[in-house]
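*Asks:* This is the structure I have questions about; it appears just below.
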Amino acid sequence: MIRVILIGYMGAGKTTVGKELAKALGVTFYDLDWYIETRMRKTVKQIFDERGEEGFRRMEHNMLHEVAEFEDIVLSCGGGTPCFFDNMDYMNRQGQTVYLKARPDVLHAHLKMGKGVRPLLLNKTEDEVAAFIAEQLRQREPFYAKARYTLDVNLMDNFEKIAGTVDHLRNLLQI
């Protein structure tokens with residue numbers, strides 16, 4: 001049975017790497033945010049707006065406990081998932097956890113190019129976003145550092161490098 005759980009800050013490439021890794025392994029890919037949206041029939045932003053971050057985090061915790069029981073999966077979690085409740089310890093018990101680690105400037109560049117709505121970044125200037133990312137990384141690093149493996153993804157800026165990252169990850173996990 002394969003169960004790989006990818007964690008890291010938003011914009012680190014968890015979904016991109018997760019999809020490619022799942023394809024290479026012939027298993028199913030799940031993105032926890034997409035799973036929540038499908039189950040709730042609402043976007044993460046709508047859930048944040050209706051329930052606040054605390055309400056979203058409770059729901060996220062429950063859905064994590066559901067999807068992380070599936071077998072033969074690669075699961076990409078939201079950037080905050082490891083930082084609430086016992087989520088990180090639970091993920092370590094459920095599968096091979098990998099922290100996709102990137103510098104704040106790399107994350108900022110990825111998020112500027114991204115198409116998705118990031119509720120925690122709404123209505124912030126460029127400088128505020130950069131400061132927010134740096135501060136959140138500082139707060140979240142102790143949780144991310146609990147992952148069994150850490151993979152540097154600072155230079156993952158084209159398809160060839162993404163494929164190389166997936167190969168490196170497979171070797172790291174020995175799968």
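By order in the structure tokens, chains are A, B, ...; within a chain, residues start at 1; ligands start at 1, following the order shown.
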Can you list, as a VMD selection string, every protein, DNA or RNA residue that comes within 9 Å of region 165-171 of chain A when you count only C-alpha atoms, leaving out same-chain residues fewer than 6 positions away?
*Replies:* chain A and resid 17 to 18 20 to 21 24 to 25 98 151 to 153 156
*Asks:* Keeping only all heavy atoms, take the residues you just selected and write them out as a PDB file, in the first residue's frame.
*Replies:*
ATOM      1  N   VAL A  17       3.432  18.537  -7.890  1.00  0.00           N
ATOM      2  CA  VAL A  17       4.260  17.363  -7.609  1.00  0.00           C
ATOM      3  C   VAL A  17       3.377  16.161  -7.300  1.00  0.00           C
ATOM      4  O   VAL A  17       3.644  15.048  -7.767  1.00  0.00           O
ATOM      5  CB  VAL A  17       5.234  17.641  -6.444  1.00  0.00           C
ATOM      6  CG1 VAL A  17       5.933  16.362  -5.983  1.00  0.00           C
ATOM      7  CG2 VAL A  17       6.260  18.686  -6.855  1.00  0.00           C
ATOM      8  N   GLY A  18       2.327  16.386  -6.538  1.00  0.00           N
ATOM      9  CA  GLY A  18       1.427  15.290  -6.162  1.00  0.00           C
ATOM     10  C   GLY A  18       0.796  14.607  -7.359  1.00  0.00           C
ATOM     11  O   GLY A  18       0.749  13.368  -7.424  1.00  0.00           O
ATOM     12  N   GLU A  20       1.911  14.527 -10.463  1.00  0.00           N
ATOM     13  CA  GLU A  20       2.941  13.827 -11.224  1.00  0.00           C
ATOM     14  C   GLU A  20       3.419  12.571 -10.503  1.00  0.00           C
ATOM     15  O   GLU A  20       3.669  11.543 -11.129  1.00  0.00           O
ATOM     16  CB  GLU A  20       4.118  14.757 -11.521  1.00  0.00           C
ATOM     17  CG  GLU A  20       3.781  15.865 -12.495  1.00  0.00           C
ATOM     18  CD  GLU A  20       3.274  15.358 -13.834  1.00  0.00           C
ATOM     19  OE1 GLU A  20       3.905  14.449 -14.415  1.00  0.00           O
ATOM     20  OE2 GLU A  20       2.231  15.861 -14.297  1.00  0.00           O
ATOM     21  N   LEU A  21       3.560  12.656  -9.196  1.00  0.00           N
ATOM     22  CA  LEU A  21       3.975  11.490  -8.419  1.00  0.00           C
ATOM     23  C   LEU A  21       2.915  10.392  -8.481  1.00  0.00           C
ATOM     24  O   LEU A  21       3.242   9.218  -8.694  1.00  0.00           O
ATOM     25  CB  LEU A  21       4.255  11.880  -6.964  1.00  0.00           C
ATOM     26  CG  LEU A  21       4.689  10.740  -6.036  1.00  0.00           C
ATOM     27  CD1 LEU A  21       5.997  10.123  -6.510  1.00  0.00           C
ATOM     28  CD2 LEU A  21       4.802  11.250  -4.600  1.00  0.00           C
ATOM     29  N   ALA A  24       3.075   8.723 -11.828  1.00  0.00           N
ATOM     30  CA  ALA A  24       4.256   7.859 -11.932  1.00  0.00           C
ATOM     31  C   ALA A  24       4.078   6.557 -11.145  1.00  0.00           C
ATOM     32  O   ALA A  24       4.584   5.511 -11.550  1.00  0.00           O
ATOM     33  CB  ALA A  24       5.498   8.600 -11.439  1.00  0.00           C
ATOM     34  N   LEU A  25       3.343   6.635 -10.028  1.00  0.00           N
ATOM     35  CA  LEU A  25       3.149   5.455  -9.178  1.00  0.00           C
ATOM     36  C   LEU A  25       1.911   4.650  -9.549  1.00  0.00           C
ATOM     37  O   LEU A  25       1.705   3.552  -9.033  1.00  0.00           O
ATOM     38  CB  LEU A  25       3.039   5.875  -7.706  1.00  0.00           C
ATOM     39  CG  LEU A  25       4.265   6.553  -7.104  1.00  0.00           C
ATOM     40  CD1 LEU A  25       3.955   7.052  -5.698  1.00  0.00           C
ATOM     41  CD2 LEU A  25       5.451   5.605  -7.098  1.00  0.00           C
ATOM     42  N   VAL A  98       5.955  14.267   3.451  1.00  0.00           N
ATOM     43  CA  VAL A  98       7.040  14.976   2.785  1.00  0.00           C
ATOM     44  C   VAL A  98       6.745  16.475   2.826  1.00  0.00           C
ATOM     45  O   VAL A  98       5.690  16.919   2.366  1.00  0.00           O
ATOM     46  CB  VAL A  98       7.192  14.536   1.311  1.00  0.00           C
ATOM     47  CG1 VAL A  98       8.356  15.277   0.656  1.00  0.00           C
ATOM     48  CG2 VAL A  98       7.359  13.026   1.203  1.00  0.00           C
ATOM     49  N   LEU A 151      11.988  18.013   1.224  1.00  0.00           N
ATOM     50  CA  LEU A 151      12.487  18.111  -0.142  1.00  0.00           C
ATOM     51  C   LEU A 151      12.540  19.577  -0.550  1.00  0.00           C
ATOM     52  O   LEU A 151      11.522  20.274  -0.504  1.00  0.00           O
ATOM     53  CB  LEU A 151      11.562  17.329  -1.077  1.00  0.00           C
ATOM     54  CG  LEU A 151      12.017  17.144  -2.513  1.00  0.00           C
ATOM     55  CD1 LEU A 151      13.307  16.346  -2.570  1.00  0.00           C
ATOM     56  CD2 LEU A 151      10.930  16.438  -3.306  1.00  0.00           C
ATOM     57  N   ASP A 152      13.711  20.052  -0.948  1.00  0.00           N
ATOM     58  CA  ASP A 152      13.902  21.425  -1.396  1.00  0.00           C
ATOM     59  C   ASP A 152      13.278  21.569  -2.786  1.00  0.00           C
ATOM     60  O   ASP A 152      13.641  20.849  -3.709  1.00  0.00           O
ATOM     61  CB  ASP A 152      15.396  21.732  -1.454  1.00  0.00           C
ATOM     62  CG  ASP A 152      15.699  23.160  -1.866  1.00  0.00           C
ATOM     63  OD1 ASP A 152      14.993  23.715  -2.744  1.00  0.00           O
ATOM     64  OD2 ASP A 152      16.663  23.720  -1.328  1.00  0.00           O
ATOM     65  N   VAL A 153      12.344  22.496  -2.923  1.00  0.00           N
ATOM     66  CA  VAL A 153      11.662  22.709  -4.207  1.00  0.00           C
ATOM     67  C   VAL A 153      11.870  24.126  -4.732  1.00  0.00           C
ATOM     68  O   VAL A 153      11.085  24.617  -5.531  1.00  0.00           O
ATOM     69  CB  VAL A 153      10.150  22.371  -4.114  1.00  0.00           C
ATOM     70  CG1 VAL A 153       9.944  20.888  -3.882  1.00  0.00           C
ATOM     71  CG2 VAL A 153       9.449  23.186  -3.038  1.00  0.00           C
ATOM     72  N   MET A 156      12.143  24.418  -8.788  1.00  0.00           N
ATOM     73  CA  MET A 156      11.168  23.649  -9.556  1.00  0.00           C
ATOM     74  C   MET A 156      10.334  24.589 -10.440  1.00  0.00           C
ATOM     75  O   MET A 156       9.177  24.850 -10.170  1.00  0.00           O
ATOM     76  CB  MET A 156      10.266  22.875  -8.575  1.00  0.00           C
ATOM     77  CG  MET A 156       9.547  21.726  -9.188  1.00  0.00           C
ATOM     78  SD  MET A 156       8.649  20.793  -7.945  1.00  0.00           S
ATOM     79  CE  MET A 156       7.503  22.006  -7.315  1.00  0.00           C
TER      80      MET A 156
END
*Asks:* From region 18-124 of chain A, collect each residue whose DSSP state is strand (DSSP E) and return the set as an MDAnalysis selection string.
*Replies:* chainID A and resid 28:31 73:76 96:101
*Asks:* Have a look at CA of Lys124 (chain A) and CA of Ile36 (chain A) and let me know their distance in Å, one decimal.
*Replies:* 25.3 Å
*Asks:* For Thr150 (chain A), which of A:Leu137, A:Ala130, A:Cys83, A:Leu6 is the closest residue, counting only C-alpha atoms?
*Replies:* A:Leu6
*Asks:* Nearest residue to Ile7 (chain A) out of A:Leu100, A:Met88, A:Met63, A:Ala109, using only C-alpha atoms?
*Replies:*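 Among A:Leu100, A:Met88, A:Met63, A:Ala109, it is A:Leu100 that comes nearest to Ile7 (chain A).
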*Asks:* Write out as a ChimeraX atom specification which residues come within 9 Å of Tyr149 (chain A) when counting only C-alpha atoms, dropping same-chain ones fewer than 3 positions away.
*Replies:* /A:96-100,145-146,172-173
*Asks:* Please dump the current selection as a compact mmCIF listing (two decimals), in the first residue's frame; keep C-alpha atoms.
*Replies:*
# COMPACT_ATOMS: atom_id res chain seq x y z
CA GLN A 96 5.02 8.91 4.39
CA THR A 97 4.96 12.67 4.94
CA VAL A 98 7.04 14.98 2.78
CA TYR A 99 7.59 18.68 3.40
CA LEU A 100 8.06 20.53 0.11
CA ALA A 145 9.70 20.06 10.23
CA LYS A 146 7.88 17.07 11.76
CA LEU A 172 13.79 9.30 -1.23
CA LEU A 173 10.64 7.32 -0.39
*Asks:* Tell me, as a list in words, which residues lie within 9 Å of Asp31 (chain A), counting only C-alpha atoms; anything in the same chain fewer than 2 positions away does not count.
*Replies:*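 Listing them by chain and then by number gives Lys14, Thr15, Gly18, Lys19, Phe29, Asp33, Trp34, Tyr35, Ile36, Val74, Leu75, Ser76, Cys77 and Gly78 of chain A.
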*Asks:* Using only C-alpha atoms, which protein or nucleic acid residues come within 12 Å of region 68-71 of chain A? Drop anything in the same chain fewer than 6 positions from it, and give the result as a list in words.
*Replies:* Met1, Ile2, Arg3, Val4, Ile5, Leu6, Val27, Thr28, Phe29, Tyr30, Asp31, Leu32, Tyr35, Glu60, His61, Asn62, Cys77, Asn87, Met88, Tyr90, Met91, Asn92, Arg93, Gln94, Gly95, Gln96 and Thr97 of chain A
*Asks:* When distances are computed from only C-alpha atoms, which of A:Leu64, A:Leu155, A:Leu120, A:Ala12 shows the smallest separation from Lys101 (chain A)?
*Replies:*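 Closest candidate: A:Ala12.
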*Asks:* For the structure I just gave you, how does DSSP split chain A - specifically, which residues are helix (DSSP H, G or I)? Reply as a ChimeraX atom specification.
*Replies:* /A:14-25,32-40,44-67,81-83,87-94,104-113,119-121,126-144,159-173
*Asks:* Which neighbours of Ile133 (chain A) fall inside 10 Å, counting only C-alpha atoms, when residues of the same chain fewer than 4 positions from it are skipped, and could you give them as number ranges by chain?
*Replies:* A: 9-10, 103-105, 107-108, 120-121, 127-129, 137-139
*Asks:* Take the residues just selected and output them with C-alpha atoms as a JSON list (two decimals), in the first residue's frame.
*Replies:*
[["chain", "number", "residue", "atom", "x", "y", "z"],
["A", 9, "TYR", "CA", 3.26, 26.34, 2.31],
["A", 10, "MET", "CA", 0.78, 27.40, -0.35],
["A", 103, "ARG", "CA", 12.13, 30.06, 0.32],
["A", 104, "PRO", "CA", 9.67, 32.93, 0.96],
["A", 105, "ASP", "CA", 10.69, 34.75, -2.26],
["A", 107, "LEU", "CA", 6.63, 31.10, -2.71],
["A", 108, "HIS", "CA", 5.75, 34.75, -3.28],
["A", 120, "LEU", "CA", -5.51, 34.35, 3.59],
["A", 121, "LEU", "CA", -3.90, 36.65, 0.99],
["A", 127, "ASP", "CA", 4.78, 43.98, 0.46],
["A", 128, "GLU", "CA", 2.12, 42.78, 2.89],
["A", 129, "VAL", "CA", 1.93, 39.41, 1.10],
["A", 137, "LEU", "CA", 6.59, 30.24, 7.44],
["A", 138, "ARG", "CA", 8.29, 31.17, 10.71],
["A", 139, "GLN", "CA", 5.19, 30.06, 12.66]]
*Asks:* Between CA of Val106 (chain A) and CA of Arg57 (chain A), what distance in Å does the model show, to one decimal?
*Replies:*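 Separation of CA of Val106 (chain A) and CA of Arg57 (chain A): 25.8 Å.
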*Asks:* Could you work out how far CA of Gly79 (chain A) lies from CA of Gly52 (chain A), giving the answer in Å with one decimal?
*Replies:*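 Separation between CA of Gly52 (chain A) and CA of Gly79 (chain A): 16.3 Å.
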*Asks:* From the set A:Met40, A:Ile162, A:Phe84, A:Thr125, which residue has the shortest atom-to-atom contact distance to Pro142 (chain A), counting only C-alpha atoms?
*Replies:*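 Ranking A:Met40, A:Ile162, A:Phe84, A:Thr125 by distance to Pro142 (chain A), first place goes to A:Phe84.
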